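Asks: query18.cif (mmCIF, N, CA and C atoms) pasted underneath:
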```cif
data_coords
loop_
_atom_site.group_PDB
_atom_site.id
_atom_site.type_symbol
_atom_site.label_atom_id
_atom_site.label_comp_id
_atom_site.auth_asym_id
_atom_site.auth_seq_id
_atom_site.Cartn_x
_atom_site.Cartn_y
_atom_site.Cartn_z
ATOM 1 N N MET A 152 -53.388 14.986 35.284
ATOM 2 C CA MET A 152 -52.977 13.601 35.301
ATOM 3 C C MET A 152 -52.515 13.244 36.713
ATOM 4 N N THR A 153 -52.990 12.120 37.207
ATOM 5 C CA THR A 153 -52.561 11.661 38.519
ATOM 6 C C THR A 153 -51.346 10.744 38.380
ATOM 7 N N LEU A 154 -50.684 10.476 39.491
ATOM 8 C CA LEU A 154 -49.562 9.534 39.449
ATOM 9 C C LEU A 154 -50.049 8.145 39.045
ATOM 10 N N GLN A 155 -51.266 7.765 39.467
ATOM 11 C CA GLN A 155 -51.807 6.470 39.071
ATOM 12 C C GLN A 155 -51.991 6.397 37.558
ATOM 13 N N THR A 156 -52.501 7.466 36.964
ATOM 14 C CA THR A 156 -52.684 7.509 35.514
ATOM 15 C C THR A 156 -51.341 7.451 34.807
ATOM 16 N N LEU A 157 -50.385 8.201 35.304
ATOM 17 C CA LEU A 157 -49.049 8.201 34.709
ATOM 18 C C LEU A 157 -48.421 6.815 34.798
ATOM 19 N N ALA A 158 -48.510 6.183 35.965
ATOM 20 C CA ALA A 158 -47.933 4.845 36.134
ATOM 21 C C ALA A 158 -48.606 3.843 35.206
ATOM 22 N N ALA A 159 -49.906 3.947 35.040
ATOM 23 C CA ALA A 159 -50.631 3.044 34.137
ATOM 24 C C ALA A 159 -50.189 3.257 32.689
ATOM 25 N N THR A 160 -49.997 4.501 32.301
ATOM 26 C CA THR A 160 -49.531 4.801 30.946
ATOM 27 C C THR A 160 -48.135 4.221 30.728
ATOM 28 N N ILE A 161 -47.262 4.395 31.698
ATOM 29 C CA ILE A 161 -45.902 3.844 31.594
ATOM 30 C C ILE A 161 -45.976 2.330 31.452
ATOM 31 N N ALA A 162 -46.831 1.677 32.243
ATOM 32 C CA ALA A 162 -46.969 0.218 32.171
ATOM 33 C C ALA A 162 -47.419 -0.232 30.793
ATOM 34 N N THR A 163 -48.337 0.511 30.168
ATOM 35 C CA THR A 163 -48.806 0.115 28.835
ATOM 36 C C THR A 163 -47.739 0.334 27.766
ATOM 37 N N ARG A 164 -46.827 1.239 28.018
ATOM 38 C CA ARG A 164 -45.775 1.528 27.035
ATOM 39 C C ARG A 164 -44.591 0.566 27.145
ATOM 40 N N LYS A 165 -44.581 -0.246 28.190
ATOM 41 C CA LYS A 165 -43.457 -1.151 28.430
ATOM 42 C C LYS A 165 -43.223 -2.089 27.248
ATOM 43 N N ASP A 166 -44.292 -2.526 26.611
ATOM 44 C CA ASP A 166 -44.171 -3.444 25.481
ATOM 45 C C ASP A 166 -44.452 -2.770 24.143
ATOM 46 N N ALA A 167 -44.513 -1.448 24.150
ATOM 47 C CA ALA A 167 -44.799 -0.705 22.915
ATOM 48 C C ALA A 167 -43.559 -0.617 22.036
ATOM 49 N N ASP A 168 -43.772 -0.244 20.806
ATOM 50 C CA ASP A 168 -42.685 -0.046 19.845
ATOM 51 C C ASP A 168 -41.871 1.176 20.256
ATOM 52 N N PRO A 169 -40.554 1.009 20.453
ATOM 53 C CA PRO A 169 -39.715 2.144 20.846
ATOM 54 C C PRO A 169 -39.740 3.313 19.856
ATOM 55 N N ASP A 170 -40.123 3.051 18.618
ATOM 56 C CA ASP A 170 -40.214 4.137 17.640
ATOM 57 C C ASP A 170 -41.499 4.935 17.790
ATOM 58 N N SER A 171 -42.431 4.434 18.612
ATOM 59 C CA SER A 171 -43.725 5.109 18.746
ATOM 60 C C SER A 171 -43.882 5.863 20.069
ATOM 61 N N SER A 172 -42.928 5.690 20.987
ATOM 62 C CA SER A 172 -43.114 6.241 22.330
ATOM 63 C C SER A 172 -41.773 6.512 22.984
ATOM 64 N N TRP A 173 -41.641 7.702 23.576
ATOM 65 C CA TRP A 173 -40.417 8.032 24.329
ATOM 66 C C TRP A 173 -40.261 7.074 25.504
ATOM 67 N N THR A 174 -41.358 6.779 26.186
ATOM 68 C CA THR A 174 -41.304 5.865 27.327
ATOM 69 C C THR A 174 -40.826 4.490 26.888
ATOM 70 N N ALA A 175 -41.393 3.977 25.813
ATOM 71 C CA ALA A 175 -40.975 2.663 25.299
ATOM 72 C C ALA A 175 -39.511 2.689 24.888
ATOM 73 N N ARG A 176 -39.078 3.766 24.283
ATOM 74 C CA ARG A 176 -37.681 3.895 23.861
ATOM 75 C C ARG A 176 -36.747 3.883 25.070
ATOM 76 N N LEU A 177 -37.117 4.623 26.091
ATOM 77 C CA LEU A 177 -36.311 4.686 27.303
ATOM 78 C C LEU A 177 -36.246 3.315 27.979
ATOM 79 N N LEU A 178 -37.393 2.659 28.128
ATOM 80 C CA LEU A 178 -37.428 1.332 28.742
ATOM 81 C C LEU A 178 -36.638 0.306 27.932
ATOM 82 N N ALA A 179 -36.670 0.425 26.615
ATOM 83 C CA ALA A 179 -35.933 -0.508 25.757
ATOM 84 C C ALA A 179 -34.423 -0.382 25.941
ATOM 85 N N GLN A 180 -33.978 0.765 26.429
ATOM 86 C CA GLN A 180 -32.549 0.979 26.652
ATOM 87 C C GLN A 180 -32.064 0.360 27.952
ATOM 88 N N GLY A 181 -32.992 -0.120 28.763
ATOM 89 C CA GLY A 181 -32.630 -0.849 29.964
ATOM 90 C C GLY A 181 -32.670 -0.019 31.233
ATOM 91 N N PRO A 182 -32.653 -0.719 32.377
ATOM 92 C CA PRO A 182 -32.753 -0.059 33.679
ATOM 93 C C PRO A 182 -31.632 0.940 33.944
ATOM 94 N N GLU A 183 -30.442 0.645 33.457
ATOM 95 C CA GLU A 183 -29.318 1.544 33.716
ATOM 96 C C GLU A 183 -29.543 2.902 33.061
ATOM 97 N N LYS A 184 -30.023 2.895 31.821
ATOM 98 C CA LYS A 184 -30.305 4.147 31.120
ATOM 99 C C LYS A 184 -31.448 4.898 31.798
ATOM 100 N N CYS A 185 -32.456 4.154 32.244
ATOM 101 C CA CYS A 185 -33.573 4.784 32.951
ATOM 102 C C CYS A 185 -33.084 5.450 34.233
ATOM 103 N N ALA A 186 -32.180 4.784 34.949
ATOM 104 C CA ALA A 186 -31.619 5.341 36.179
ATOM 105 C C ALA A 186 -30.780 6.578 35.873
ATOM 106 N N GLU A 187 -30.015 6.515 34.810
ATOM 107 C CA GLU A 187 -29.193 7.665 34.406
ATOM 108 C C GLU A 187 -30.070 8.876 34.106
ATOM 109 N N LYS A 188 -31.151 8.645 33.368
ATOM 110 C CA LYS A 188 -32.054 9.741 33.005
ATOM 111 C C LYS A 188 -32.740 10.312 34.251
ATOM 112 N N PHE A 189 -33.131 9.437 35.179
ATOM 113 C CA PHE A 189 -33.714 9.904 36.439
ATOM 114 C C PHE A 189 -32.720 10.800 37.176
ATOM 115 N N GLY A 190 -31.478 10.375 37.237
ATOM 116 C CA GLY A 190 -30.444 11.160 37.911
ATOM 117 C C GLY A 190 -30.271 12.529 37.281
ATOM 118 N N GLU A 191 -30.271 12.580 35.955
ATOM 119 C CA GLU A 191 -30.145 13.869 35.254
ATOM 120 C C GLU A 191 -31.298 14.793 35.627
ATOM 121 N N GLU A 192 -32.498 14.242 35.634
ATOM 122 C CA GLU A 192 -33.675 15.058 35.945
ATOM 123 C C GLU A 192 -33.654 15.511 37.398
ATOM 124 N N ALA A 193 -33.199 14.651 38.298
ATOM 125 C CA ALA A 193 -33.111 15.024 39.712
ATOM 126 C C ALA A 193 -32.140 16.184 39.900
ATOM 127 N N ILE A 194 -31.010 16.138 39.211
ATOM 128 C CA ILE A 194 -30.035 17.227 39.303
ATOM 129 C C ILE A 194 -30.636 18.527 38.776
ATOM 130 N N GLU A 195 -31.377 18.441 37.670
ATOM 131 C CA GLU A 195 -32.014 19.643 37.128
ATOM 132 C C GLU A 195 -33.016 20.224 38.128
ATOM 133 N N ALA A 196 -33.743 19.356 38.833
ATOM 134 C CA ALA A 196 -34.701 19.838 39.839
ATOM 135 C C ALA A 196 -33.960 20.500 41.003
ATOM 136 N N ILE A 197 -32.851 19.926 41.405
ATOM 137 C CA ILE A 197 -32.049 20.514 42.485
ATOM 138 C C ILE A 197 -31.574 21.909 42.093
ATOM 139 N N ILE A 198 -31.108 22.038 40.879
ATOM 140 C CA ILE A 198 -30.624 23.342 40.397
ATOM 141 C C ILE A 198 -31.741 24.380 40.447
ATOM 142 N N GLU A 199 -32.924 23.997 39.992
ATOM 143 C CA GLU A 199 -34.047 24.940 39.998
ATOM 144 C C GLU A 199 -34.495 25.260 41.420
ATOM 145 N N ALA A 200 -34.402 24.296 42.333
ATOM 146 C CA ALA A 200 -34.750 24.562 43.734
ATOM 147 C C ALA A 200 -33.787 25.576 44.337
ATOM 148 N N ILE A 201 -32.512 25.444 43.997
ATOM 149 C CA ILE A 201 -31.510 26.386 44.503
ATOM 150 C C ILE A 201 -31.725 27.774 43.912
ATOM 151 N N LYS A 202 -32.052 27.823 42.626
ATOM 152 C CA LYS A 202 -32.284 29.111 41.970
ATOM 153 C C LYS A 202 -33.534 29.805 42.502
ATOM 154 N N GLY A 203 -34.506 29.016 42.940
ATOM 155 C CA GLY A 203 -35.735 29.589 43.468
ATOM 156 C C GLY A 203 -36.788 29.903 42.425
ATOM 157 N N ASP A 204 -36.638 29.350 41.227
ATOM 158 C CA ASP A 204 -37.621 29.581 40.165
ATOM 159 C C ASP A 204 -38.751 28.559 40.318
ATOM 160 N N ARG A 205 -39.854 28.994 40.887
ATOM 161 C CA ARG A 205 -40.976 28.106 41.197
ATOM 162 C C ARG A 205 -41.526 27.409 39.952
ATOM 163 N N THR A 206 -41.682 28.126 38.870
ATOM 164 C CA THR A 206 -42.233 27.559 37.643
ATOM 165 C C THR A 206 -41.320 26.479 37.084
ATOM 166 N N ARG A 207 -40.027 26.783 37.021
ATOM 167 C CA ARG A 207 -39.063 25.799 36.499
ATOM 168 C C ARG A 207 -38.943 24.598 37.431
ATOM 169 N N LEU A 208 -38.983 24.839 38.742
ATOM 170 C CA LEU A 208 -38.924 23.735 39.692
ATOM 171 C C LEU A 208 -40.143 22.826 39.528
ATOM 172 N N THR A 209 -41.299 23.403 39.349
ATOM 173 C CA THR A 209 -42.513 22.612 39.139
ATOM 174 C C THR A 209 -42.365 21.726 37.913
ATOM 175 N N SER A 210 -41.861 22.281 36.832
ATOM 176 C CA SER A 210 -41.650 21.517 35.601
ATOM 177 C C SER A 210 -40.639 20.396 35.805
ATOM 178 N N GLU A 211 -39.539 20.719 36.452
ATOM 179 C CA GLU A 211 -38.505 19.707 36.683
ATOM 180 C C GLU A 211 -38.988 18.635 37.660
ATOM 181 N N ALA A 212 -39.781 19.021 38.652
ATOM 182 C CA ALA A 212 -40.323 18.039 39.591
ATOM 183 C C ALA A 212 -41.235 17.051 38.866
ATOM 184 N N ALA A 213 -42.022 17.540 37.920
ATOM 185 C CA ALA A 213 -42.861 16.645 37.119
ATOM 186 C C ALA A 213 -41.995 15.677 36.326
ATOM 187 N N ASP A 214 -40.891 16.174 35.757
ATOM 188 C CA ASP A 214 -39.962 15.302 35.032
ATOM 189 C C ASP A 214 -39.365 14.246 35.953
ATOM 190 N N VAL A 215 -39.019 14.649 37.173
ATOM 191 C CA VAL A 215 -38.441 13.715 38.144
ATOM 192 C C VAL A 215 -39.437 12.603 38.467
ATOM 193 N N LEU A 216 -40.686 12.966 38.728
ATOM 194 C CA LEU A 216 -41.690 11.952 39.048
ATOM 195 C C LEU A 216 -41.879 10.981 37.887
ATOM 196 N N TYR A 217 -41.963 11.515 36.679
ATOM 197 C CA TYR A 217 -42.107 10.660 35.496
ATOM 198 C C TYR A 217 -40.921 9.702 35.377
ATOM 199 N N HIS A 218 -39.711 10.237 35.453
ATOM 200 C CA HIS A 218 -38.528 9.391 35.270
ATOM 201 C C HIS A 218 -38.324 8.426 36.436
ATOM 202 N N LEU A 219 -38.762 8.793 37.635
ATOM 203 C CA LEU A 219 -38.720 7.866 38.765
ATOM 204 C C LEU A 219 -39.611 6.657 38.475
ATOM 205 N N LEU A 220 -40.817 6.925 37.996
ATOM 206 C CA LEU A 220 -41.740 5.824 37.691
ATOM 207 C C LEU A 220 -41.229 4.966 36.539
ATOM 208 N N VAL A 221 -40.606 5.575 35.547
ATOM 209 C CA VAL A 221 -40.022 4.806 34.447
ATOM 210 C C VAL A 221 -38.885 3.929 34.969
ATOM 211 N N MET A 222 -38.004 4.501 35.785
ATOM 212 C CA MET A 222 -36.887 3.750 36.343
ATOM 213 C C MET A 222 -37.403 2.561 37.161
ATOM 214 N N CYS A 223 -38.405 2.801 37.979
ATOM 215 C CA CYS A 223 -38.967 1.714 38.781
ATOM 216 C C CYS A 223 -39.625 0.654 37.894
ATOM 217 N N ALA A 224 -40.344 1.094 36.876
ATOM 218 C CA ALA A 224 -40.984 0.147 35.955
ATOM 219 C C ALA A 224 -39.941 -0.734 35.268
ATOM 220 N N ALA A 225 -38.787 -0.169 34.988
ATOM 221 C CA ALA A 225 -37.719 -0.939 34.339
ATOM 222 C C ALA A 225 -37.241 -2.078 35.228
ATOM 223 N N ARG A 226 -37.479 -1.971 36.519
ATOM 224 C CA ARG A 226 -37.105 -3.027 37.479
ATOM 225 C C ARG A 226 -38.341 -3.696 38.089
ATOM 226 N N ASP A 227 -39.485 -3.529 37.408
ATOM 227 C CA ASP A 227 -40.748 -4.138 37.842
ATOM 228 C C ASP A 227 -41.172 -3.737 39.248
ATOM 229 N N VAL A 228 -40.910 -2.501 39.609
ATOM 230 C CA VAL A 228 -41.410 -1.924 40.852
ATOM 231 C C VAL A 228 -42.547 -0.989 40.456
ATOM 232 N N SER A 229 -43.735 -1.280 40.936
ATOM 233 C CA SER A 229 -44.913 -0.507 40.540
ATOM 234 C C SER A 229 -45.178 0.634 41.520
ATOM 235 N N LEU A 230 -46.017 1.551 41.088
ATOM 236 C CA LEU A 230 -46.459 2.622 41.973
ATOM 237 C C LEU A 230 -47.174 2.018 43.184
ATOM 238 N N GLN A 231 -47.903 0.931 42.979
ATOM 239 C CA GLN A 231 -48.586 0.266 44.088
ATOM 240 C C GLN A 231 -47.575 -0.273 45.104
ATOM 241 N N ASP A 232 -46.441 -0.779 44.616
ATOM 242 C CA ASP A 232 -45.377 -1.237 45.524
ATOM 243 C C ASP A 232 -44.860 -0.070 46.365
ATOM 244 N N ILE A 233 -44.662 1.057 45.720
ATOM 245 C CA ILE A 233 -44.153 2.250 46.414
ATOM 246 C C ILE A 233 -45.186 2.744 47.419
ATOM 247 N N GLU A 234 -46.454 2.781 47.004
ATOM 248 C CA GLU A 234 -47.515 3.216 47.903
ATOM 249 C C GLU A 234 -47.631 2.277 49.104
ATOM 250 N N ALA A 235 -47.457 0.978 48.893
ATOM 251 C CA ALA A 235 -47.519 0.012 50.001
ATOM 252 C C ALA A 235 -46.388 0.274 50.999
ATOM 253 N N GLU A 236 -45.216 0.603 50.498
ATOM 254 C CA GLU A 236 -44.098 0.922 51.389
ATOM 255 C C GLU A 236 -44.375 2.206 52.168
ATOM 256 N N LEU A 237 -44.947 3.194 51.498
ATOM 257 C CA LEU A 237 -45.307 4.432 52.201
ATOM 258 C C LEU A 237 -46.375 4.161 53.266
ATOM 259 N N ALA A 238 -47.343 3.301 52.941
ATOM 260 C CA ALA A 238 -48.388 2.956 53.914
ATOM 261 C C ALA A 238 -47.788 2.234 55.115
ATOM 262 N N ARG A 239 -46.803 1.380 54.870
ATOM 263 C CA ARG A 239 -46.134 0.665 55.952
ATOM 264 C C ARG A 239 -45.466 1.648 56.913
ATOM 265 N N ARG A 240 -44.958 2.741 56.355
ATOM 266 C CA ARG A 240 -44.257 3.746 57.167
ATOM 267 C C ARG A 240 -45.198 4.753 57.821
ATOM 268 N N ASP A 241 -46.461 4.753 57.424
ATOM 269 C CA ASP A 241 -47.418 5.737 57.927
ATOM 270 C C ASP A 241 -47.500 5.685 59.449
ATOM 271 N N GLY A 242 -47.445 6.833 60.059
ATOM 272 C CA GLY A 242 -47.534 6.931 61.499
ATOM 273 C C GLY A 242 -46.213 6.719 62.216
ATOM 274 N N GLN A 243 -45.186 6.405 61.461
ATOM 275 C CA GLN A 243 -43.865 6.196 62.050
ATOM 276 C C GLN A 243 -43.037 7.461 61.861
ATOM 277 N N SER A 244 -42.367 7.859 62.876
ATOM 278 C CA SER A 244 -41.483 9.016 62.781
ATOM 279 C C SER A 244 -40.412 8.766 61.726
ATOM 280 N N GLY A 245 -40.110 9.789 60.941
ATOM 281 C CA GLY A 245 -39.029 9.668 59.956
ATOM 282 C C GLY A 245 -37.712 9.342 60.619
ATOM 283 N N LEU A 246 -37.490 9.881 61.807
ATOM 284 C CA LEU A 246 -36.248 9.588 62.533
ATOM 285 C C LEU A 246 -36.211 8.116 62.953
ATOM 286 N N ALA A 247 -37.343 7.605 63.440
ATOM 287 C CA ALA A 247 -37.412 6.198 63.851
ATOM 288 C C ALA A 247 -37.261 5.279 62.638
ATOM 289 N N GLU A 248 -37.883 5.651 61.510
ATOM 290 C CA GLU A 248 -37.779 4.834 60.300
ATOM 291 C C GLU A 248 -36.342 4.742 59.843
ATOM 292 N N LYS A 249 -35.651 5.872 59.812
ATOM 293 C CA LYS A 249 -34.236 5.884 59.393
ATOM 294 C C LYS A 249 -33.388 5.050 60.347
ATOM 295 N N ALA A 250 -33.639 5.139 61.627
ATOM 296 C CA ALA A 250 -32.852 4.386 62.619
ATOM 297 C C ALA A 250 -33.077 2.889 62.467
ATOM 298 N N GLY A 251 -34.242 2.492 61.963
ATOM 299 C CA GLY A 251 -34.551 1.084 61.787
ATOM 300 C C GLY A 251 -34.019 0.453 60.523
ATOM 301 N N ARG A 252 -33.450 1.246 59.657
ATOM 302 C CA ARG A 252 -32.891 0.690 58.414
ATOM 303 C C ARG A 252 -31.594 -0.042 58.716
ATOM 304 N N SER A 253 -31.382 -1.118 57.963
ATOM 305 C CA SER A 253 -30.124 -1.856 58.176
ATOM 306 C C SER A 253 -29.073 -1.443 57.200
#
```
Just give me the structure as structure tokens.

Replies:
Amino acid sequence: MTLQTLAATIATRKDADPDSSWTARLLAQGPEKCAEKFGEEAIEAIIEAIKGDRTRLTSEAADVLYHLLVMCAARDVSLQDIEAELARRDGQSGLAEKAGRS
């Protein structure tokens, strides 16, 4: 599954019955709950990165990507929006990009 496929699936679940889909259930709980769940998954990924368990880190990283896209969808930020921002930054030094933030 690609990130584009995952984002498209999340978008279709936005209006689905919360009893039929975990994604729909999560989105129905609102952006705050989606953000909370993303944070939990990010912490789990950090723990696995520190432990050095490659398999568990891979699994948790997949969870982080999924929950990031759900959180963004809850605020109507699409994968295309994120990709456009990454494209805008392409070729720019990370140090220069950070210095340019307000």

Asks: Using the chain letters and residue numbers of this document, give as a PyMOL selection string the residues selected by the PyMOL selection byres ((chain A and resi 178) around 8).

Replies: chain A and resi 164-165+169+172-177+179-182+184-185+221-222+224-225

Asks: Contacts of Tyr217 in chain A at 10 Å or less, counting only C-alpha atoms, minus same-chain residues fewer than 3 places along, as a ChimeraX atom specification?

Replies: /A:154,157-158,161,174,189,192,211-214,220-222

Asks: Work out how far CA of Ile194 in chain A is from atom N of Asp170 in chain A, in Å to one decimal.

Replies: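 CA of Ile194 in chain A lies at a distance of 27.0 Å from atom N of Asp170 in chain A.
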
Asks: So, with only N, CA and C atoms as the atoms that count, which of A:Cys223, A:Thr206, A:Gln243, A:Gly251 lies closest to Ala186 in chain A?

Replies: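 Looking only at the distances to Ala186 in chain A, the closest residue turns out to be A:Cys223.
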
Asks: Take atom C of Gly242 in chain A and atom N of Ala200 in chain A and report the distance between them in Å, one decimal.

Replies: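 Between atom C of Gly242 in chain A and atom N of Ala200 in chain A the gap works out to 29.0 Å.
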
Asks: Grab all the atoms of range 213-223 of chain A that the file lists, wrap them in a box along x, y and z, add 3 Å per side, and give me centre plus edge lengths in Å (one decimal) as JSON.

Replies:
```
{"center_x": -39.9, "center_y": 9.1, "center_z": 36.7, "size_x": 12.0, "size_y": 22.9, "size_z": 10.6}
```

Asks: Which polymer residues, whether protein, DNA or RNA, lie within 8 Å of the coordinate (-42.7, 7.7, 44.9) when you count all atoms listed in the file? List them as an MDAnalysis selection string, using the chain letters and numbers from the file.

Replies: chainID A and resid 216 219:220 230 233:234

Asks: What does the structure give for the distance between CA of Asp168 in chain A and CA of Thr156 in chain A, in Å to one decimal?

Replies: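 Rounded to one decimal, the two atoms are 20.1 Å apart.
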
Asks: Would you please give, as a count of residues only, all residues of chain A that DSSP assigns to helix (DSSP H, G or I) based on the backbone?

Replies: 77
